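Everything on this sheet refers to the single structure shown next.
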Amino acid sequence: MPRCTILALGSRGDIQPLLALAMGLKKAGYSVRFAAPADFEEWVSGLGLEYARLAGSSADFYGGAAGVALRERIRDPKKFTRFLNDYLGLFLDRLFKSCWEACQDSDVILCWSWTRVGPSLAEKLKIPLVIVSPTPVLHLPTFAFANPFQGPPQLQGRNLGPLYNRWSWRWAEPFTRIGQTQVDRWREQTLGLPPLDWKTELRQLRSLPHLFGYSPAVLPKPWDWGANAHVTGYWFLEQKTQFTPPAPLAEFLAAGEAPVALGFSSQIGRDAKRISSAVMDGLARSGKRGLLIAGWGGIGQADLPSNVFKVDSVPYDWLLPRVAGLVHQGGAGSTAEALRAGIPNVAVTFGYEQALWGARIARLGAGVAPIPAASLNADNLSEAIVRLVDKPRFRQNAQAVAETLRAEDGVGEVVRIIERAIRRK
């Protein structure tokens, strides 16, 4: 029975699709070890998967200074890289050690590229390495769309032509070298390998199988990516949610027309007061009922009018069929869930690759154009909400996309590709 180790780092939205892969591989007969920070141990073990702990805490990272820097994208690449190098410091030594321990006895490794561990582990253990990601990755540039992670915020999500698109990926180059000192030290002291020049590592990475966990109907595979890159379809974690809504939530949903759900996860951060004020004023001007999902700073239930309700958390697969639309941060996970549910939606983008997904939602006609969080106000939010709810074409288009997604089998495609990779080894 082949043993597959999945190295999973990131937020809950990053971890969930990798758990879907783990469950698919387990069903196909693989022995799966899922390595992730302690934040996710209970979730992983609850699915019946073997768990291995990686160093660090996702909650501390994304809720701290590094998470803010990543989200807001320091515009000077050198300054940004220097900050992350200083911030991560010796943490990378602990992360590399835990990754090495997790991969013992493995026959194949699945991981994100930005951990910097994959090529070295595969070289030492002499096993296949597969890059898996729910988003495009920084080391695969393309003419088809611009680098969604970096660059001037006013240009994020816009298509300014193939030459600009390809050039924009140069912003990512310093980021691919983060932790080089730690990588070299780890290779020499732990793995007994010589230093690995980052350009050599980049060439190695680009030659590996790449599996992207989103639908080609949402973001097609670029023509200039090689045959080793596969846009497989979304990786949905199939769990039958046993959820009984609290009585106040059930009563609110039954009391009137379907509300618009609004949830930005942990994104609003230090701008919570302004964002929350814009959301409340925008809802009031739209005349629609609203359901606020967590992360709303100082807004308490007592502060809300009768047509707005706040809930700390609620499973999206249960909630989304019951709402008129979704206003979200535009992450890969929330975008996938909204499109899968076939509801109109709009992204309020804070950073990362959110502008890309927000632009794709609008391009598909499943929602309106994304709104940068920095320019969010009551006027543009109320206009977006009214259009989402009152224009039937957005729901019709979203439901057409959902029908396409239901016909895909992203996890099954991943299993088939990995089986081919192992056979070739």
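Chains: A, B, ... in order of the structure tokens. Residues: from 1 per chain. Ligands: from 1, in order shown.
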
List as CSV every residue of segment 375-425 of chain A that is in contact with segment 272-294 of chain A, defined as an atom at most 8 Å from one of its atoms (using only C-alpha atoms), together with the nearest atom pair and the distance in Å rounded to one decimal, sorted by chain and then rising number.
```
residue,atom,partner,partner_atom,distance
A:Leu376,CA,A:Ala278,CA,6.8
A:Asn377,CA,A:Ala278,CA,4.9
A:Ala378,CA,A:Gly282,CA,3.9
A:Asp379,CA,A:Gly282,CA,6.3
A:Asn380,CA,A:Gly282,CA,7.7
A:Leu381,CA,A:Gly282,CA,5.4
A:Ser382,CA,A:Gly282,CA,4.4
A:Glu383,CA,A:Ser286,CA,7.0
A:Ile385,CA,A:Ser286,CA,6.6
A:Val386,CA,A:Ser286,CA,5.9
```

Using the selection just defined, write its residues with N, CA and C atoms as a PDB file, in the first residue's frame.
```pdb
ATOM      1  N   LEU A 376     -13.970  50.263   0.106  1.00  0.00           N
ATOM      2  CA  LEU A 376     -15.323  49.856   0.462  1.00  0.00           C
ATOM      3  C   LEU A 376     -16.046  50.978   1.209  1.00  0.00           C
ATOM      4  N   ASN A 377     -17.282  51.257   0.792  1.00  0.00           N
ATOM      5  CA  ASN A 377     -18.110  52.225   1.505  1.00  0.00           C
ATOM      6  C   ASN A 377     -19.570  51.814   1.369  1.00  0.00           C
ATOM      7  N   ALA A 378     -20.430  52.537   2.056  1.00  0.00           N
ATOM      8  CA  ALA A 378     -21.846  52.173   2.058  1.00  0.00           C
ATOM      9  C   ALA A 378     -22.448  52.232   0.667  1.00  0.00           C
ATOM     10  N   ASP A 379     -22.020  53.195  -0.151  1.00  0.00           N
ATOM     11  CA  ASP A 379     -22.606  53.355  -1.480  1.00  0.00           C
ATOM     12  C   ASP A 379     -22.276  52.172  -2.389  1.00  0.00           C
ATOM     13  N   ASN A 380     -20.960  51.829  -2.517  1.00  0.00           N
ATOM     14  CA  ASN A 380     -20.639  50.755  -3.464  1.00  0.00           C
ATOM     15  C   ASN A 380     -21.083  49.386  -2.944  1.00  0.00           C
ATOM     16  N   LEU A 381     -21.135  49.217  -1.624  1.00  0.00           N
ATOM     17  CA  LEU A 381     -21.613  47.935  -1.110  1.00  0.00           C
ATOM     18  C   LEU A 381     -23.115  47.789  -1.312  1.00  0.00           C
ATOM     19  N   SER A 382     -23.876  48.826  -1.009  1.00  0.00           N
ATOM     20  CA  SER A 382     -25.334  48.733  -1.191  1.00  0.00           C
ATOM     21  C   SER A 382     -25.683  48.509  -2.660  1.00  0.00           C
ATOM     22  N   GLU A 383     -24.958  49.179  -3.558  1.00  0.00           N
ATOM     23  CA  GLU A 383     -25.205  48.977  -4.994  1.00  0.00           C
ATOM     24  C   GLU A 383     -24.925  47.537  -5.399  1.00  0.00           C
ATOM     25  N   ILE A 385     -24.989  44.831  -3.472  1.00  0.00           N
ATOM     26  CA  ILE A 385     -25.990  43.939  -2.878  1.00  0.00           C
ATOM     27  C   ILE A 385     -27.299  43.995  -3.647  1.00  0.00           C
ATOM     28  N   VAL A 386     -27.762  45.191  -3.973  1.00  0.00           N
ATOM     29  CA  VAL A 386     -29.021  45.335  -4.712  1.00  0.00           C
ATOM     30  C   VAL A 386     -28.934  44.648  -6.068  1.00  0.00           C
TER      31      VAL A 386
END
```

Surrounding residues of Ser168 of chain A excluding itself and chain neighbours under 5 positions, 10 Å, only C-alpha atoms, as an MDAnalysis selection string
chainID A and resid 141:143 145:152 162:163

So that I can check the surroundings of Leu121 of chain A, please list as a ChimeraX atom specification every protein, DNA and RNA residue that reaches within 9 Å of it, counting only C-alpha atoms and ignoring chain neighbours fewer than 5 positions away.
/A:99-100,103,109,126-127,129,191

Mind dumping the selected residues with C-alpha atoms as an mmCIF file, in the first residue's frame?
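Below is the file that was written, out-v1.cif:
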```cif
data_model
loop_
_atom_site.group_PDB
_atom_site.id
_atom_site.type_symbol
_atom_site.label_atom_id
_atom_site.label_comp_id
_atom_site.auth_asym_id
_atom_site.auth_seq_id
_atom_site.Cartn_x
_atom_site.Cartn_y
_atom_site.Cartn_z
ATOM 1 C CA CYS A 99 8.567 18.269 7.639
ATOM 2 C CA TRP A 100 11.530 15.892 7.469
ATOM 3 C CA CYS A 103 7.934 12.364 5.480
ATOM 4 C CA ILE A 109 5.018 13.731 -1.112
ATOM 5 C CA LYS A 126 14.403 9.520 -3.772
ATOM 6 C CA ILE A 127 10.619 9.615 -4.103
ATOM 7 C CA LEU A 129 7.126 15.063 -5.360
ATOM 8 C CA LEU A 191 19.863 15.915 4.965
#
```

- Residues near Thr190 of chain A, cut-off 10 Å, only C-alpha atoms, skip fewer than 3 positions along chain, as a count of residues only: 8

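Comparing A:Gly263, A:Gly179, A:Pro136, A:Gly13 by their smallest distance to Val231 of chain A, the closest is A:Pro136 (using only C-alpha atoms).
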
Which of segment 164-296 of chain A end up as helix (DSSP H, G or I) when DSSP is run on this backbone - answer as a PyMOL selection string?
chain A and resi 164-177+180-191+198-207+247-254+269-286

Restricted to C-alpha atoms, what would the selected residues look like written as a PDB file, in the first residue's frame?
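Wrote it out as again-v3.pdb, contents follow:
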```pdb
ATOM      1  CA  TYR A 164       2.173  43.121 -18.697  1.00  0.00           C
ATOM      2  CA  ASN A 165       0.829  39.837 -17.340  1.00  0.00           C
ATOM      3  CA  ARG A 166       4.091  38.002 -17.988  1.00  0.00           C
ATOM      4  CA  TRP A 167       6.236  40.852 -16.705  1.00  0.00           C
ATOM      5  CA  SER A 168       4.238  41.156 -13.465  1.00  0.00           C
ATOM      6  CA  TRP A 169       5.485  37.770 -12.261  1.00  0.00           C
ATOM      7  CA  ARG A 170       8.944  39.272 -11.784  1.00  0.00           C
ATOM      8  CA  TRP A 171       7.596  40.783  -8.558  1.00  0.00           C
ATOM      9  CA  ALA A 172       7.482  37.251  -7.170  1.00  0.00           C
ATOM     10  CA  GLU A 173      11.170  36.477  -7.673  1.00  0.00           C
ATOM     11  CA  PRO A 174      12.414  37.710  -4.265  1.00  0.00           C
ATOM     12  CA  PHE A 175       9.644  35.794  -2.531  1.00  0.00           C
ATOM     13  CA  THR A 176      10.859  32.501  -4.023  1.00  0.00           C
ATOM     14  CA  ARG A 177      14.201  32.987  -2.230  1.00  0.00           C
ATOM     15  CA  GLN A 180      17.635  30.507   1.572  1.00  0.00           C
ATOM     16  CA  THR A 181      20.115  30.545   4.476  1.00  0.00           C
ATOM     17  CA  GLN A 182      17.927  28.189   6.497  1.00  0.00           C
ATOM     18  CA  VAL A 183      17.346  25.928   3.478  1.00  0.00           C
ATOM     19  CA  ASP A 184      21.077  25.544   2.882  1.00  0.00           C
ATOM     20  CA  ARG A 185      21.787  24.904   6.574  1.00  0.00           C
ATOM     21  CA  TRP A 186      19.036  22.278   6.762  1.00  0.00           C
ATOM     22  CA  ARG A 187      20.209  20.539   3.602  1.00  0.00           C
ATOM     23  CA  GLU A 188      23.758  20.320   4.888  1.00  0.00           C
ATOM     24  CA  GLN A 189      23.196  19.540   8.592  1.00  0.00           C
ATOM     25  CA  THR A 190      20.071  17.362   8.463  1.00  0.00           C
ATOM     26  CA  LEU A 191      19.863  15.915   4.965  1.00  0.00           C
ATOM     27  CA  TRP A 198      17.566  28.958  -5.898  1.00  0.00           C
ATOM     28  CA  LYS A 199      17.629  29.128  -9.705  1.00  0.00           C
ATOM     29  CA  THR A 200      18.328  25.411  -9.836  1.00  0.00           C
ATOM     30  CA  GLU A 201      15.503  24.799  -7.369  1.00  0.00           C
ATOM     31  CA  LEU A 202      13.201  26.951  -9.497  1.00  0.00           C
ATOM     32  CA  ARG A 203      13.974  24.861 -12.588  1.00  0.00           C
ATOM     33  CA  GLN A 204      13.346  21.686 -10.611  1.00  0.00           C
ATOM     34  CA  LEU A 205      10.041  23.002  -9.293  1.00  0.00           C
ATOM     35  CA  ARG A 206       8.804  23.963 -12.750  1.00  0.00           C
ATOM     36  CA  SER A 207       9.501  20.456 -14.072  1.00  0.00           C
ATOM     37  CA  ALA A 247     -33.195  28.706  17.550  1.00  0.00           C
ATOM     38  CA  PRO A 248     -32.485  32.461  17.094  1.00  0.00           C
ATOM     39  CA  LEU A 249     -30.805  31.796  13.719  1.00  0.00           C
ATOM     40  CA  ALA A 250     -33.606  29.517  12.540  1.00  0.00           C
ATOM     41  CA  GLU A 251     -36.172  32.114  13.589  1.00  0.00           C
ATOM     42  CA  PHE A 252     -34.321  34.894  11.760  1.00  0.00           C
ATOM     43  CA  LEU A 253     -34.104  32.894   8.523  1.00  0.00           C
ATOM     44  CA  ALA A 254     -37.808  32.033   8.702  1.00  0.00           C
ATOM     45  CA  GLY A 269      -8.168  43.037  11.206  1.00  0.00           C
ATOM     46  CA  ARG A 270      -7.137  46.489  12.335  1.00  0.00           C
ATOM     47  CA  ASP A 271      -9.607  48.129   9.927  1.00  0.00           C
ATOM     48  CA  ALA A 272     -12.566  46.468  11.638  1.00  0.00           C
ATOM     49  CA  LYS A 273     -14.320  49.666  12.711  1.00  0.00           C
ATOM     50  CA  ARG A 274     -14.380  51.246   9.228  1.00  0.00           C
ATOM     51  CA  ILE A 275     -15.275  48.012   7.446  1.00  0.00           C
ATOM     52  CA  SER A 276     -18.021  47.174   9.935  1.00  0.00           C
ATOM     53  CA  SER A 277     -19.484  50.657   9.622  1.00  0.00           C
ATOM     54  CA  ALA A 278     -19.505  50.408   5.813  1.00  0.00           C
ATOM     55  CA  VAL A 279     -21.208  47.008   5.989  1.00  0.00           C
ATOM     56  CA  MET A 280     -23.942  48.164   8.371  1.00  0.00           C
ATOM     57  CA  ASP A 281     -24.605  51.363   6.428  1.00  0.00           C
ATOM     58  CA  GLY A 282     -24.507  49.514   3.110  1.00  0.00           C
ATOM     59  CA  LEU A 283     -27.031  46.939   4.313  1.00  0.00           C
ATOM     60  CA  ALA A 284     -29.310  49.682   5.581  1.00  0.00           C
ATOM     61  CA  ARG A 285     -29.210  51.526   2.244  1.00  0.00           C
ATOM     62  CA  SER A 286     -29.813  48.331   0.269  1.00  0.00           C
TER      63      SER A 286
END
```

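With only C-alpha atoms as the atoms that count, the residue of A:Gly256, A:Gly56, A:Pro37, A:Pro128 with the shortest distance to Arg12 of chain A is A:Pro37.
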
| task | For Ser113 of chain A, list every protein, DNA or RNA residue within 9 Å, evaluated using only C-alpha atoms, and leave out those in the same chain fewer than 2 positions away; present the list as a list in words. | result | Cys111, Thr115, Arg116, Val117, Gly118, Pro119, Ile131, Val132, Ser133, Val137, Leu138, His139, Thr176 and Leu205 of chain A

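Comparing the minimum interatomic distances between Gly412 of chain A and each of A:Gly233, A:Pro245, A:Pro392, A:Pro17, counting only C-alpha atoms, we find that A:Gly233 sits nearest.
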
Worksheet item: segment 1-11 of chain A: which residues within 7 Å, counting only C-alpha atoms, same-chain residues fewer than 3 positions away excluded, as number ranges by chain?
Response: A: 14-15, 29-36, 58, 103, 106-111

Those same residues, written as a compact mmCIF listing (two decimals), in the first residue's frame with N, CA and C atoms?
```
# COMPACT_ATOMS: atom_id res chain seq x y z
N ASP A 14 -7.10 26.94 3.16
CA ASP A 14 -6.02 26.25 2.44
C ASP A 14 -5.99 24.76 2.79
N ILE A 15 -6.29 24.46 4.05
CA ILE A 15 -6.20 23.09 4.53
C ILE A 15 -7.34 22.22 4.02
N GLY A 29 -7.04 3.60 -1.67
CA GLY A 29 -6.17 2.56 -1.15
C GLY A 29 -4.81 3.01 -0.66
N TYR A 30 -4.56 4.33 -0.65
CA TYR A 30 -3.29 4.84 -0.16
C TYR A 30 -3.31 4.90 1.37
N SER A 31 -2.15 4.74 1.95
CA SER A 31 -1.95 5.06 3.35
C SER A 31 -1.54 6.52 3.42
N VAL A 32 -2.35 7.36 4.06
CA VAL A 32 -2.17 8.80 3.99
C VAL A 32 -1.78 9.35 5.36
N ARG A 33 -0.69 10.10 5.36
CA ARG A 33 -0.28 10.85 6.55
C ARG A 33 -0.47 12.33 6.25
N PHE A 34 -1.20 13.01 7.11
CA PHE A 34 -1.52 14.42 6.88
C PHE A 34 -0.76 15.25 7.91
N ALA A 35 0.20 16.04 7.43
CA ALA A 35 1.04 16.85 8.31
C ALA A 35 0.58 18.30 8.26
N ALA A 36 0.27 18.85 9.43
CA ALA A 36 -0.27 20.21 9.51
C ALA A 36 0.01 20.77 10.89
N SER A 58 -1.08 28.27 12.69
CA SER A 58 -1.70 29.06 11.63
C SER A 58 -2.42 30.28 12.20
N CYS A 103 7.84 13.03 6.78
CA CYS A 103 7.93 12.36 5.48
C CYS A 103 8.67 11.03 5.52
N SER A 106 7.77 7.58 3.41
CA SER A 106 6.80 7.98 2.39
C SER A 106 7.20 7.44 1.02
N ASP A 107 6.19 7.21 0.18
CA ASP A 107 6.41 6.83 -1.21
C ASP A 107 6.17 7.98 -2.17
N VAL A 108 5.45 9.00 -1.72
CA VAL A 108 5.20 10.20 -2.53
C VAL A 108 4.86 11.33 -1.58
N ILE A 109 5.30 12.54 -1.92
CA ILE A 109 5.02 13.73 -1.11
C ILE A 109 4.17 14.70 -1.94
N LEU A 110 3.13 15.25 -1.29
CA LEU A 110 2.35 16.32 -1.87
C LEU A 110 2.55 17.55 -1.00
N CYS A 111 2.88 18.69 -1.62
CA CYS A 111 3.07 19.90 -0.82
C CYS A 111 2.94 21.14 -1.68
```

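Using only C-alpha atoms, the shortest contact distance between Ile418 of chain A and any of A:Ala52, A:Leu19, A:Leu211, A:Gly192 is found at A:Leu211.
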